[in-house]
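Reproduced below: model.tsv, with TSV, N, CA and C atoms.
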chain	number	residue	atom	x	y	z
A	1	ALA	N	-8.71	-13.24	20.20
A	1	ALA	CA	-9.21	-12.55	19.02
A	1	ALA	C	-8.55	-11.19	18.91
A	2	VAL	N	-8.35	-10.75	17.69
A	2	VAL	CA	-7.73	-9.47	17.42
A	2	VAL	C	-8.84	-8.45	17.18
A	3	SER	N	-8.74	-7.31	17.85
A	3	SER	CA	-9.76	-6.28	17.66
A	3	SER	C	-9.69	-5.74	16.23
A	4	ALA	N	-10.75	-5.10	15.78
A	4	ALA	CA	-10.79	-4.57	14.42
A	4	ALA	C	-9.69	-3.53	14.20
A	5	LEU	N	-9.48	-2.63	15.18
A	5	LEU	CA	-8.45	-1.61	15.04
A	5	LEU	C	-7.07	-2.25	14.97
A	6	CYS	N	-6.82	-3.18	15.85
A	6	CYS	CA	-5.55	-3.88	15.84
A	6	CYS	C	-5.38	-4.64	14.52
A	7	GLY	N	-6.45	-5.21	14.02
A	7	GLY	CA	-6.42	-5.93	12.76
A	7	GLY	C	-5.97	-5.04	11.62
A	8	GLN	N	-6.42	-3.78	11.61
A	8	GLN	CA	-6.00	-2.84	10.57
A	8	GLN	C	-4.50	-2.57	10.65
A	9	HIS	N	-3.97	-2.47	11.88
A	9	HIS	CA	-2.52	-2.29	12.04
A	9	HIS	C	-1.78	-3.51	11.51
A	10	LEU	N	-2.27	-4.69	11.80
A	10	LEU	CA	-1.62	-5.92	11.35
A	10	LEU	C	-1.56	-5.97	9.83
A	11	ILE	N	-2.66	-5.60	9.20
A	11	ILE	CA	-2.72	-5.59	7.73
A	11	ILE	C	-1.67	-4.64	7.17
A	12	ARG	N	-1.61	-3.43	7.70
A	12	ARG	CA	-0.66	-2.44	7.19
A	12	ARG	C	0.78	-2.85	7.43
A	13	VAL	N	1.07	-3.43	8.58
A	13	VAL	CA	2.44	-3.84	8.89
A	13	VAL	C	2.87	-4.96	7.94
A	14	CYS	N	2.05	-5.96	7.74
A	14	CYS	CA	2.38	-7.06	6.85
A	14	CYS	C	2.55	-6.55	5.42
A	15	LEU	N	1.62	-5.74	4.96
A	15	LEU	CA	1.68	-5.21	3.61
A	15	LEU	C	2.93	-4.36	3.40
A	16	ALA	N	3.23	-3.47	4.35
A	16	ALA	CA	4.41	-2.61	4.23
A	16	ALA	C	5.70	-3.41	4.20
A	17	TYR	N	5.77	-4.46	5.00
A	17	TYR	CA	6.97	-5.29	5.03
A	17	TYR	C	7.20	-5.97	3.68
A	18	PHE	N	6.18	-6.64	3.17
A	18	PHE	CA	6.35	-7.40	1.95
A	18	PHE	C	6.35	-6.53	0.69
A	19	ALA	N	5.71	-5.37	0.73
A	19	ALA	CA	5.69	-4.49	-0.43
A	19	ALA	C	7.02	-3.76	-0.61
A	20	SER	N	7.58	-3.25	0.49
A	20	SER	CA	8.75	-2.36	0.37
A	20	SER	C	9.84	-2.62	1.41
A	21	GLY	N	9.64	-3.56	2.31
A	21	GLY	CA	10.62	-3.72	3.39
A	21	GLY	C	10.61	-2.52	4.32
A	22	PHE	N	9.44	-1.88	4.47
A	22	PHE	CA	9.24	-0.68	5.29
A	22	PHE	C	9.98	0.53	4.74
A	23	ASN	N	10.33	0.54	3.46
A	23	ASN	CA	11.07	1.64	2.85
A	23	ASN	C	10.08	2.65	2.25
A	24	THR	N	9.97	3.81	2.87
A	24	THR	CA	9.03	4.83	2.38
A	24	THR	C	9.47	5.43	1.05
A	25	ALA	N	10.75	5.32	0.71
A	25	ALA	CA	11.28	5.90	-0.52
A	25	ALA	C	11.36	4.89	-1.67
A	26	ALA	N	10.82	3.70	-1.49
A	26	ALA	CA	10.92	2.65	-2.50
A	26	ALA	C	10.15	3.02	-3.77
A	27	VAL	N	10.79	2.81	-4.91
A	27	VAL	CA	10.16	3.01	-6.22
A	27	VAL	C	10.53	1.81	-7.08
A	28	ASP	N	9.52	1.19	-7.67
A	28	ASP	CA	9.74	0.05	-8.55
A	28	ASP	C	9.12	0.37	-9.91
A	29	HIS	N	9.88	0.17	-10.96
A	29	HIS	CA	9.41	0.46	-12.32
A	29	HIS	C	8.90	-0.82	-12.97
A	30	GLU	N	7.67	-0.78	-13.46
A	30	GLU	CA	7.05	-1.93	-14.10
A	30	GLU	C	7.32	-1.92	-15.60
A	31	ALA	N	7.20	-3.08	-16.23
A	31	ALA	CA	7.45	-3.22	-17.67
A	31	ALA	C	6.51	-2.35	-18.50
A	32	ASP	N	5.31	-2.09	-17.99
A	32	ASP	CA	4.34	-1.29	-18.75
A	32	ASP	C	4.59	0.22	-18.63
A	33	GLY	N	5.63	0.62	-17.92
A	33	GLY	CA	5.96	2.03	-17.74
A	33	GLY	C	5.40	2.64	-16.48
A	34	SER	N	4.55	1.92	-15.78
A	34	SER	CA	4.01	2.44	-14.52
A	34	SER	C	5.04	2.25	-13.41
A	35	THR	N	4.79	2.92	-12.29
A	35	THR	CA	5.68	2.80	-11.14
A	35	THR	C	4.88	2.41	-9.90
A	36	ASN	N	5.54	1.71	-9.00
A	36	ASN	CA	5.00	1.43	-7.67
A	36	ASN	C	5.80	2.28	-6.71
A	37	SER	N	5.09	3.06	-5.88
A	37	SER	CA	5.78	4.05	-5.05
A	37	SER	C	5.45	3.92	-3.58
A	38	GLY	N	6.48	4.15	-2.75
A	38	GLY	CA	6.30	4.27	-1.31
A	38	GLY	C	6.24	2.97	-0.55
A	39	ILE	N	5.93	3.09	0.70
A	39	ILE	CA	5.96	1.97	1.63
A	39	ILE	C	4.97	0.87	1.25
A	40	PHE	N	3.84	1.24	0.61
A	40	PHE	CA	2.86	0.24	0.18
A	40	PHE	C	2.96	-0.07	-1.32
A	41	GLN	N	3.93	0.54	-2.01
A	41	GLN	CA	4.13	0.30	-3.44
A	41	GLN	C	2.83	0.50	-4.23
A	42	ILE	N	2.28	1.69	-4.13
A	42	ILE	CA	1.03	2.05	-4.80
A	42	ILE	C	1.32	2.37	-6.26
A	43	ASN	N	0.55	1.76	-7.15
A	43	ASN	CA	0.84	1.83	-8.58
A	43	ASN	C	0.24	3.05	-9.25
A	44	SER	N	0.98	3.57	-10.23
A	44	SER	CA	0.57	4.79	-10.94
A	44	SER	C	-0.46	4.52	-12.04
A	45	ARG	N	-0.75	3.28	-12.39
A	45	ARG	CA	-1.74	3.02	-13.44
A	45	ARG	C	-3.12	3.56	-13.07
A	46	LYS	N	-3.44	3.54	-11.80
A	46	LYS	CA	-4.79	3.95	-11.38
A	46	LYS	C	-4.78	4.94	-10.23
A	47	TRP	N	-3.81	4.84	-9.34
A	47	TRP	CA	-3.96	5.46	-8.04
A	47	TRP	C	-3.31	6.82	-7.89
A	48	CYS	N	-2.21	7.09	-8.59
A	48	CYS	CA	-1.52	8.37	-8.39
A	48	CYS	C	-1.05	8.93	-9.73
A	49	LYS	N	-0.73	10.20	-9.74
A	49	LYS	CA	-0.33	10.90	-10.97
A	49	LYS	C	1.18	10.83	-11.13
A	50	ASN	N	1.61	10.33	-12.28
A	50	ASN	CA	3.01	10.26	-12.62
A	50	ASN	C	3.22	11.11	-13.86
A	51	LEU	N	4.01	10.70	-14.79
A	51	LEU	CA	4.23	11.46	-16.02
A	51	LEU	C	3.09	11.31	-17.01
A	52	ASN	N	2.32	10.24	-16.90
A	52	ASN	CA	1.23	9.98	-17.84
A	52	ASN	C	-0.02	10.77	-17.41
A	53	PRO	N	-0.46	11.73	-18.22
A	53	PRO	CA	-1.63	12.53	-17.84
A	53	PRO	C	-2.96	11.79	-18.01
A	54	HIS	N	-2.93	10.60	-18.59
A	54	HIS	CA	-4.16	9.88	-18.90
A	54	HIS	C	-4.48	8.77	-17.89
A	55	VAL	N	-4.04	8.90	-16.66
A	55	VAL	CA	-4.35	7.91	-15.63
A	55	VAL	C	-5.45	8.46	-14.72
A	56	PRO	N	-6.24	7.57	-14.12
A	56	PRO	CA	-7.36	8.04	-13.28
A	56	PRO	C	-6.94	8.88	-12.06
A	57	ASN	N	-5.76	8.60	-11.46
A	57	ASN	CA	-5.30	9.34	-10.28
A	57	ASN	C	-6.37	9.33	-9.18
A	58	THR	N	-6.84	8.15	-8.85
A	58	THR	CA	-7.92	7.96	-7.89
A	58	THR	C	-7.61	8.57	-6.52
A	59	CYS	N	-6.35	8.53	-6.12
A	59	CYS	CA	-5.98	9.10	-4.81
A	59	CYS	C	-5.77	10.61	-4.85
A	60	GLN	N	-5.85	11.20	-6.04
A	60	GLN	CA	-5.71	12.65	-6.20
A	60	GLN	C	-4.40	13.17	-5.61
A	61	MET	N	-3.29	12.54	-5.99
A	61	MET	CA	-1.98	12.98	-5.54
A	61	MET	C	-0.92	12.54	-6.54
A	62	TYR	N	0.22	13.19	-6.47
A	62	TYR	CA	1.35	12.78	-7.27
A	62	TYR	C	1.96	11.52	-6.64
A	63	CYS	N	2.49	10.64	-7.48
A	63	CYS	CA	3.13	9.44	-6.96
A	63	CYS	C	4.31	9.79	-6.05
A	64	SER	N	4.99	10.89	-6.36
A	64	SER	CA	6.12	11.31	-5.51
A	64	SER	C	5.66	11.66	-4.09
A	65	ASP	N	4.39	12.05	-3.92
A	65	ASP	CA	3.86	12.33	-2.57
A	65	ASP	C	3.86	11.07	-1.71
A	66	LEU	N	3.82	9.89	-2.35
A	66	LEU	CA	3.80	8.62	-1.62
A	66	LEU	C	5.17	8.26	-1.06
A	67	LEU	N	6.18	9.04	-1.38
A	67	LEU	CA	7.54	8.77	-0.90
A	67	LEU	C	7.86	9.53	0.39
A	68	ASN	N	6.92	10.31	0.88
A	68	ASN	CA	7.10	11.11	2.09
A	68	ASN	C	7.14	10.20	3.31
A	69	PRO	N	8.15	10.37	4.19
A	69	PRO	CA	8.18	9.55	5.41
A	69	PRO	C	7.00	9.83	6.35
A	70	ASN	N	6.34	10.99	6.19
A	70	ASN	CA	5.08	11.22	6.90
A	70	ASN	C	4.02	10.45	6.12
A	71	LEU	N	3.48	9.42	6.71
A	71	LEU	CA	2.63	8.46	6.00
A	71	LEU	C	1.16	8.84	5.89
A	72	LYS	N	0.79	10.03	6.33
A	72	LYS	CA	-0.62	10.40	6.35
A	72	LYS	C	-1.27	10.25	4.97
A	73	ASP	N	-0.72	10.89	3.95
A	73	ASP	CA	-1.32	10.82	2.61
A	73	ASP	C	-1.26	9.40	2.05
A	74	THR	N	-0.17	8.70	2.32
A	74	THR	CA	-0.02	7.32	1.85
A	74	THR	C	-1.09	6.42	2.45
A	75	VAL	N	-1.35	6.57	3.73
A	75	VAL	CA	-2.37	5.75	4.39
A	75	VAL	C	-3.76	6.10	3.86
A	76	ILE	N	-4.01	7.39	3.63
A	76	ILE	CA	-5.31	7.80	3.06
A	76	ILE	C	-5.50	7.15	1.69
A	77	CYS	N	-4.47	7.16	0.87
A	77	CYS	CA	-4.56	6.53	-0.45
A	77	CYS	C	-4.77	5.02	-0.31
A	78	ALA	N	-4.02	4.38	0.57
A	78	ALA	CA	-4.17	2.94	0.78
A	78	ALA	C	-5.59	2.60	1.23
A	79	MET	N	-6.19	3.46	2.05
A	79	MET	CA	-7.57	3.22	2.50
A	79	MET	C	-8.54	3.31	1.32
A	80	LYS	N	-8.26	4.22	0.36
A	80	LYS	CA	-9.10	4.30	-0.85
A	80	LYS	C	-8.96	3.02	-1.67
A	81	ILE	N	-7.75	2.50	-1.76
A	81	ILE	CA	-7.51	1.27	-2.51
A	81	ILE	C	-8.26	0.11	-1.87
A	82	VAL	N	-8.24	0.02	-0.57
A	82	VAL	CA	-8.92	-1.07	0.14
A	82	VAL	C	-10.43	-1.00	-0.09
A	83	GLN	N	-10.97	0.19	-0.31
A	83	GLN	CA	-12.41	0.34	-0.57
A	83	GLN	C	-12.78	-0.01	-2.01
A	84	ASP	N	-11.78	-0.15	-2.88
A	84	ASP	CA	-12.01	-0.56	-4.26
A	84	ASP	C	-12.55	-2.00	-4.27
A	85	PRO	N	-13.33	-2.39	-5.29
A	85	PRO	CA	-13.86	-3.75	-5.32
A	85	PRO	C	-12.80	-4.85	-5.15
A	86	GLN	N	-11.60	-4.63	-5.68
A	86	GLN	CA	-10.54	-5.64	-5.53
A	86	GLN	C	-9.93	-5.61	-4.13
A	87	GLY	N	-10.10	-4.50	-3.42
A	87	GLY	CA	-9.64	-4.38	-2.04
A	87	GLY	C	-8.16	-4.67	-1.87
A	88	LEU	N	-7.84	-5.35	-0.79
A	88	LEU	CA	-6.44	-5.69	-0.51
A	88	LEU	C	-5.85	-6.58	-1.60
A	89	GLY	N	-6.70	-7.27	-2.33
A	89	GLY	CA	-6.24	-8.11	-3.43
A	89	GLY	C	-5.55	-7.33	-4.53
A	90	THR	N	-5.67	-6.00	-4.49
A	90	THR	CA	-4.94	-5.14	-5.43
A	90	THR	C	-3.45	-5.42	-5.33
A	91	TRP	N	-2.98	-5.72	-4.12
A	91	TRP	CA	-1.56	-5.98	-3.89
A	91	TRP	C	-1.27	-7.47	-4.02
A	92	GLU	N	-0.43	-7.82	-4.97
A	92	GLU	CA	0.00	-9.20	-5.13
A	92	GLU	C	0.69	-9.72	-3.87
A	93	VAL	N	1.50	-8.85	-3.24
A	93	VAL	CA	2.20	-9.29	-2.02
A	93	VAL	C	1.21	-9.61	-0.91
A	94	TRP	N	0.07	-8.93	-0.85
A	94	TRP	CA	-0.96	-9.25	0.14
A	94	TRP	C	-1.49	-10.66	-0.11
A	95	ARG	N	-1.83	-10.93	-1.36
A	95	ARG	CA	-2.40	-12.23	-1.71
A	95	ARG	C	-1.41	-13.37	-1.43
A	96	HIS	N	-0.12	-13.13	-1.65
A	96	HIS	CA	0.87	-14.19	-1.53
A	96	HIS	C	1.46	-14.35	-0.12
A	97	HIS	N	1.46	-13.28	0.67
A	97	HIS	CA	2.18	-13.33	1.95
A	97	HIS	C	1.34	-13.03	3.20
A	98	CYS	N	0.23	-12.33	3.05
A	98	CYS	CA	-0.51	-11.86	4.22
A	98	CYS	C	-1.92	-12.46	4.31
A	99	GLN	N	-2.61	-12.56	3.18
A	99	GLN	CA	-4.01	-13.00	3.18
A	99	GLN	C	-4.13	-14.40	3.76
A	100	GLY	N	-5.02	-14.54	4.73
A	100	GLY	CA	-5.28	-15.84	5.33
A	100	GLY	C	-4.24	-16.29	6.34
A	101	GLU	N	-3.24	-15.48	6.58
A	101	GLU	CA	-2.18	-15.82	7.53
A	101	GLU	C	-2.50	-15.26	8.92
A	102	ASP	N	-1.94	-15.88	9.94
A	102	ASP	CA	-2.05	-15.35	11.30
A	102	ASP	C	-1.05	-14.20	11.40
A	103	LEU	N	-1.54	-12.99	11.45
A	103	LEU	CA	-0.68	-11.81	11.44
A	103	LEU	C	-0.33	-11.30	12.83
A	104	SER	N	-0.82	-11.97	13.86
A	104	SER	CA	-0.63	-11.45	15.23
A	104	SER	C	0.84	-11.37	15.63
A	105	ASP	N	1.71	-12.21	15.08
A	105	ASP	CA	3.12	-12.14	15.41
A	105	ASP	C	3.76	-10.83	14.98
A	106	TRP	N	3.18	-10.16	13.99
A	106	TRP	CA	3.76	-8.92	13.48
A	106	TRP	C	3.76	-7.82	14.53
A	107	VAL	N	2.85	-7.87	15.48
A	107	VAL	CA	2.80	-6.83	16.50
A	107	VAL	C	2.92	-7.41	17.91
A	108	ASP	N	3.47	-8.61	18.00
A	108	ASP	CA	3.66	-9.24	19.31
A	108	ASP	C	4.53	-8.34	20.18
A	109	GLY	N	4.04	-8.01	21.36
A	109	GLY	CA	4.75	-7.14	22.28
A	109	GLY	C	4.48	-5.67	22.10
A	110	CYS	N	3.73	-5.31	21.07
A	110	CYS	CA	3.38	-3.90	20.85
A	110	CYS	C	2.13	-3.56	21.65
A	111	GLU	N	2.05	-2.35	22.10
A	111	GLU	CA	0.87	-1.87	22.80
A	111	GLU	C	0.01	-1.11	21.81
A	112	LEU	N	-0.92	-1.79	21.16
A	112	LEU	CA	-1.79	-1.14	20.17
A	112	LEU	C	-3.18	-0.95	20.73
Let's see the structure in the file written out as structure tokens.
Amino acid sequence: AVSALCGQHLIRVCLAYFASGFNTAAVDHEADGSTNSGIFQINSRKWCKNLNPHVPNTCQMYCSDLLNPNLKDTVICAMKIVQDPQGLGTWEVWRHHCQGEDLSDWVDGCEL
């Protein structure tokens, strides 16, 4: 069995891999004008402030802050997203690649 703490690491590793290929500087532009930013590809429609002043900015940060290789703010924002009713399902890559999968191989050999 995977401990709860280790489970959180597994979730983040899988999500980061499929969302951005572990690229903290990744930016993807959506057809609706929103952007997905950083290692977890957090979207500007709800979570961060971009050029549009009329977004909720739930994480209370600029989307460009999510591009920082220091992941502290990015992880804090991701934790807010996970607490949202949609939770990890917010990320399409989670639903398609990580949810319901055995994630233990992602940290095989790591001392967590």
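Taking only segment 9-102 of chain A, the residues that DSSP calls strand (DSSP E) from the backbone come to Val27, Asp28, His29, Thr35, Asn36, Ser37, Ile42 and Asn43 of chain A.
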(request) Do a neighbour search on Arg95 of chain A at 12 Å with only C-alpha atoms, toss out local chain neighbours closer than 5 positions, and write the hits as a ChimeraX atom specification. (result) /A:11,14-15,18-19,86-90,100-101
(message) What's the separation between atom C of Gly21 of chain A and atom C of Phe40 of chain A, in Å to one decimal place?
(response) 9.8 Å
(request) List the neighbours of Gln8 of chain A out to 12 Å using only C-alpha atoms; skip same-chain residues closer than 6 positions along the sequence, and give me the result as a PyMOL selection string. (result) chain A and resi 2+14-15+75+78-79+82+88+103-104+106-107+112
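Across the structure, atom CA of Leu67 of chain A and atom N of Ala26 of chain A are spaced 6.1 Å apart.
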(request) Apply DSSP to the structure's backbone, then extract all residues of segment 14-104 of chain A labelled alpha helix (DSSP H) and return them as a count of residues only. (result) 21
